[in-house]
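Read the structure below first, then the notes.
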Amino acid sequence: MAYHLQRRNKALVTEVKSRVHDSQQNTSDETLVAQVCKGDRLAFSGLVDRHGLRFRAIAVRTCGDLTMAEEMVQEAFIKLWTRPDRFDADKAKFTTWFHRVVVNRCLDELRRRKPEALPDGFDEVDHRPVADEVLETDSDNAILMAALSRLPERQRRALTLSYLDGYSNQEAAEIMELNIKALESLLVRARTKMREELRADKADLLAGLV
Amino acid sequence: MAEDYKNLTDAELAAAFAAVQKKERGAATPEAQSFLNALTSVPDRHAQAIPTLNPVPVRPSSFGSFFNALFDPATLLSARGLVSQGAFAAVLLVTGMVAGLEAAEDPQVFDDFDVSAGLFGSEDDNYALDG
């Protein structure tokens with residue numbers, strides 16, 4: 001009897017969560033943050049569902065370390081919960097504001113953890129792979145990432161924001177502090193350059209997708 | 001070979017990046033789920049610290065409190081209010097009288113207040129007719 005009640009409660013909770021999720025689908029991020037200001041936990045949960053993994057991926061790309069990236073994103077979400085009033089919807093979209101929060105937090109932490117000078121006579125080489133090497137060796141998409149890494153910095157950043165971070169052109173332009181036309185022409189040049197970089201490996205790349 | 005890269009369409013490029021994105025986010029992995037669960041439980045572990053917009057109450061000084069009490073509109077015309085105001089007026093009057101009496105006992109001449117009195121003085125001898 002108790003087992004059946006427990007199961008029914010669980011089903012009920014799942015259904016409520018699902019309905020809340022459905023109702024939040026059409027709610028903008030900015031509205032959800034306004035609800036978080038009023039202490040709405042479900043709105044906060046909605047933002048986590050929507051953006052948690054996206055910002056984790058962005059942080060991993062910035063830090064090059066998953067554990068550190070998760071810590072930084074968690075700190076950013078803690079800040080979002082404790083001081084949501086710091087977000088000003090009149091000045092920026094939530095995603096572009098939170099992108100800056102996460103990336104700046106990662107960069108600060110990287111600066112803070114700057115390695116100390118090694119003692120005299122200590123010349124052991126660190127054989128662990130760096131982030132780029134991990135991506136290249138640990139991914140079926142190594143060719144793509146290698147080509148991306150060969151692009152000029154601004155082109156690489158524009159492609160990363162648009163394709164990997166999932167930002168709209170408008171959002172990516174805001175993050176890069178460009179106007180939309182400038183970003184679009186940067187993307188055109190970046191795609192052309194990517195094609196050049198990929199031309200030799202196209203067959204391998206497409207084979208990896210199937 | 002040049003035709004090869006020209007044939008790599010935007011859609012193919014987007015599809016390739018989408019595959020990387022999917023792998024990076026790893027939504028279906030247990031690690032990703034436990035990360036999301038940790039984020040969702042943030043409100044259980046942290047209290048909100050949004051500053052309130054209520055103004056900080058300002059406590060009047062003791063002098064201000066005295067005058068507020070003395071001329072409080074609620075008790076201004078009550079018996080207690082009138083007695084208090086009368087007592088205050090009496091104290092003020094007596095203080096003024098005492099100050100006046102003390103000044104009368106020690107009269108001061110105009111020169112005591114004239115700070116320029118000695119600046120333009122002249123020796124009478126300079127103008128004596130008999131030199």
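Residues are named by chain letter and number: chains run A, B, ... in the order of the structure tokens, numbers start at 1 in each chain, and ligands are numbered from 1 in the order shown.
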Find the nearest atom pair between each residue of chain B and chain A for residues within 6 Å, count only C-alpha atoms, give distances in Å to one decimal, sort rows by chain and ascending number, and present the table as a Markdown table.
| residue | atom | partner | partner_atom | distance |
| --- | --- | --- | --- | --- |
| B:Tyr5 | CA | A:Arg199 | CA | 4.5 |
| B:Phe17 | CA | A:Tyr163 | CA | 5.9 |
| B:Gln21 | CA | A:Leu164 | CA | 5.2 |
| B:Glu24 | CA | A:Ala57 | CA | 5.9 |
| B:Arg25 | CA | A:Leu53 | CA | 5.4 |
| B:Thr40 | CA | A:Ser45 | CA | 5.4 |
| B:Gln48 | CA | A:Thr82 | CA | 4.0 |
| B:Ala49 | CA | A:Thr82 | CA | 5.2 |
| B:Ile50 | CA | A:Arg83 | CA | 5.6 |
Pick out each residue of stretch 26-185 of chain A that DSSP on the backbone tags as helix (DSSP H, G or I); I need them as JSON, numbers by chain.
-> {"A": [29, 30, 31, 32, 33, 34, 35, 36, 37, 41, 42, 43, 44, 45, 46, 47, 48, 49, 50, 51, 52, 53, 54, 55, 56, 57, 58, 59, 60, 61, 62, 63, 66, 67, 68, 69, 70, 71, 72, 73, 74, 75, 76, 77, 78, 79, 80, 81, 82, 84, 85, 86, 94, 95, 96, 97, 98, 99, 100, 101, 102, 103, 104, 105, 106, 107, 108, 109, 110, 111, 112, 131, 132, 133, 134, 135, 136, 137, 138, 142, 143, 144, 145, 146, 147, 148, 149, 153, 154, 155, 156, 157, 158, 159, 160, 161, 162, 163, 164, 169, 170, 171, 172, 173, 174, 175, 180, 181, 182, 183, 184, 185]}
Save the residues we just selected, C-alpha atoms, as a compact mmCIF listing (two decimals), in the first residue's frame?
# COMPACT_ATOMS: atom_id res chain seq x y z
CA ASP A 29 15.00 34.29 -19.60
CA GLU A 30 14.53 37.86 -18.44
CA THR A 31 11.06 37.06 -17.06
CA LEU A 32 12.45 34.02 -15.27
CA VAL A 33 15.15 36.17 -13.63
CA ALA A 34 12.45 38.63 -12.51
CA GLN A 35 10.66 35.68 -10.91
CA VAL A 36 13.91 34.53 -9.27
CA CYS A 37 14.09 38.01 -7.69
CA ARG A 41 12.74 28.34 -7.16
CA LEU A 42 10.99 26.86 -10.18
CA ALA A 43 12.04 29.83 -12.30
CA PHE A 44 15.62 29.29 -11.13
CA SER A 45 15.32 25.61 -11.97
CA GLY A 46 14.04 26.61 -15.42
CA LEU A 47 17.15 28.71 -16.03
CA VAL A 48 19.36 25.84 -14.87
CA ASP A 49 17.65 23.40 -17.24
CA ARG A 50 17.88 25.84 -20.10
CA HIS A 51 21.46 27.04 -19.67
CA GLY A 52 23.35 24.86 -17.18
CA LEU A 53 25.07 22.58 -19.67
CA ARG A 54 25.58 25.32 -22.22
CA PHE A 55 27.54 27.43 -19.74
CA ARG A 56 29.41 24.38 -18.49
CA ALA A 57 30.63 23.78 -22.06
CA ILE A 58 31.59 27.45 -22.39
CA ALA A 59 33.47 27.31 -19.08
CA VAL A 60 35.27 24.10 -20.07
CA ARG A 61 36.40 25.79 -23.26
CA THR A 62 37.61 28.81 -21.27
CA CYS A 63 39.31 26.94 -18.40
CA LEU A 66 35.99 20.20 -16.34
CA THR A 67 36.16 20.26 -12.53
CA MET A 68 37.18 23.89 -12.42
CA ALA A 69 34.57 24.76 -15.06
CA GLU A 70 31.80 23.13 -13.03
CA GLU A 71 32.92 25.04 -9.92
CA MET A 72 32.87 28.34 -11.79
CA VAL A 73 29.44 27.75 -13.32
CA GLN A 74 28.08 26.68 -9.94
CA GLU A 75 29.44 29.88 -8.37
CA ALA A 76 27.83 31.92 -11.13
CA PHE A 77 24.46 30.23 -10.54
CA ILE A 78 24.83 30.76 -6.78
CA LYS A 79 25.37 34.47 -7.50
CA LEU A 80 22.33 34.41 -9.77
CA TRP A 81 20.21 32.97 -6.96
CA THR A 82 21.55 35.11 -4.12
CA PRO A 84 19.47 38.22 -9.10
CA ASP A 85 18.89 41.97 -8.77
CA ARG A 86 22.36 42.53 -10.25
CA PHE A 94 20.31 37.45 -19.79
CA THR A 95 22.45 35.13 -21.91
CA THR A 96 24.99 37.78 -22.88
CA TRP A 97 25.20 39.07 -19.28
CA PHE A 98 25.58 35.58 -17.82
CA HIS A 99 28.14 34.68 -20.48
CA ARG A 100 30.31 37.55 -19.23
CA VAL A 101 29.78 36.51 -15.61
CA VAL A 102 30.88 32.93 -16.30
CA VAL A 103 33.81 33.76 -18.60
CA ASN A 104 35.13 36.51 -16.30
CA ARG A 105 34.85 34.18 -13.32
CA CYS A 106 36.87 31.54 -15.22
CA LEU A 107 39.53 34.05 -16.26
CA ASP A 108 39.83 35.39 -12.70
CA GLU A 109 40.27 31.87 -11.38
CA LEU A 110 42.86 31.05 -14.04
CA ARG A 111 44.80 34.17 -13.05
CA ARG A 112 44.48 33.27 -9.36
CA ALA A 131 42.83 21.03 -23.60
CA ASP A 132 43.30 21.29 -27.36
CA GLU A 133 45.06 17.94 -27.45
CA VAL A 134 42.29 16.36 -25.42
CA LEU A 135 39.76 17.64 -27.90
CA GLU A 136 41.82 16.41 -30.79
CA THR A 137 42.48 12.96 -29.46
CA ASP A 138 39.31 12.34 -27.49
CA ALA A 142 38.98 16.31 -33.91
CA ILE A 143 39.38 17.43 -37.50
CA LEU A 144 36.79 20.15 -37.10
CA MET A 145 38.23 21.41 -33.84
CA ALA A 146 41.75 21.36 -35.23
CA ALA A 147 40.61 23.42 -38.22
CA LEU A 148 38.81 25.82 -35.87
CA SER A 149 41.92 26.25 -33.77
CA GLU A 153 41.29 34.65 -33.06
CA ARG A 154 38.27 36.83 -33.95
CA GLN A 155 37.00 34.43 -36.60
CA ARG A 156 37.41 31.52 -34.21
CA ARG A 157 35.53 33.40 -31.51
CA ALA A 158 32.67 34.32 -33.83
CA LEU A 159 32.25 30.73 -35.02
CA THR A 160 32.49 29.40 -31.47
CA LEU A 161 29.83 31.77 -30.17
CA SER A 162 27.49 31.08 -33.09
CA TYR A 163 27.91 27.35 -33.60
CA LEU A 164 29.19 25.86 -30.35
CA ASN A 169 23.91 36.48 -34.28
CA GLN A 170 22.54 39.38 -32.25
CA GLU A 171 23.76 37.88 -28.97
CA ALA A 172 27.16 36.96 -30.41
CA ALA A 173 27.51 40.51 -31.75
CA GLU A 174 26.73 41.92 -28.29
CA ILE A 175 29.29 39.64 -26.64
CA ILE A 180 25.38 42.76 -36.36
CA LYS A 181 26.63 43.51 -39.88
CA ALA A 182 30.26 43.33 -38.77
CA LEU A 183 29.61 39.99 -37.07
CA GLU A 184 27.87 38.59 -40.12
CA SER A 185 30.74 39.52 -42.40
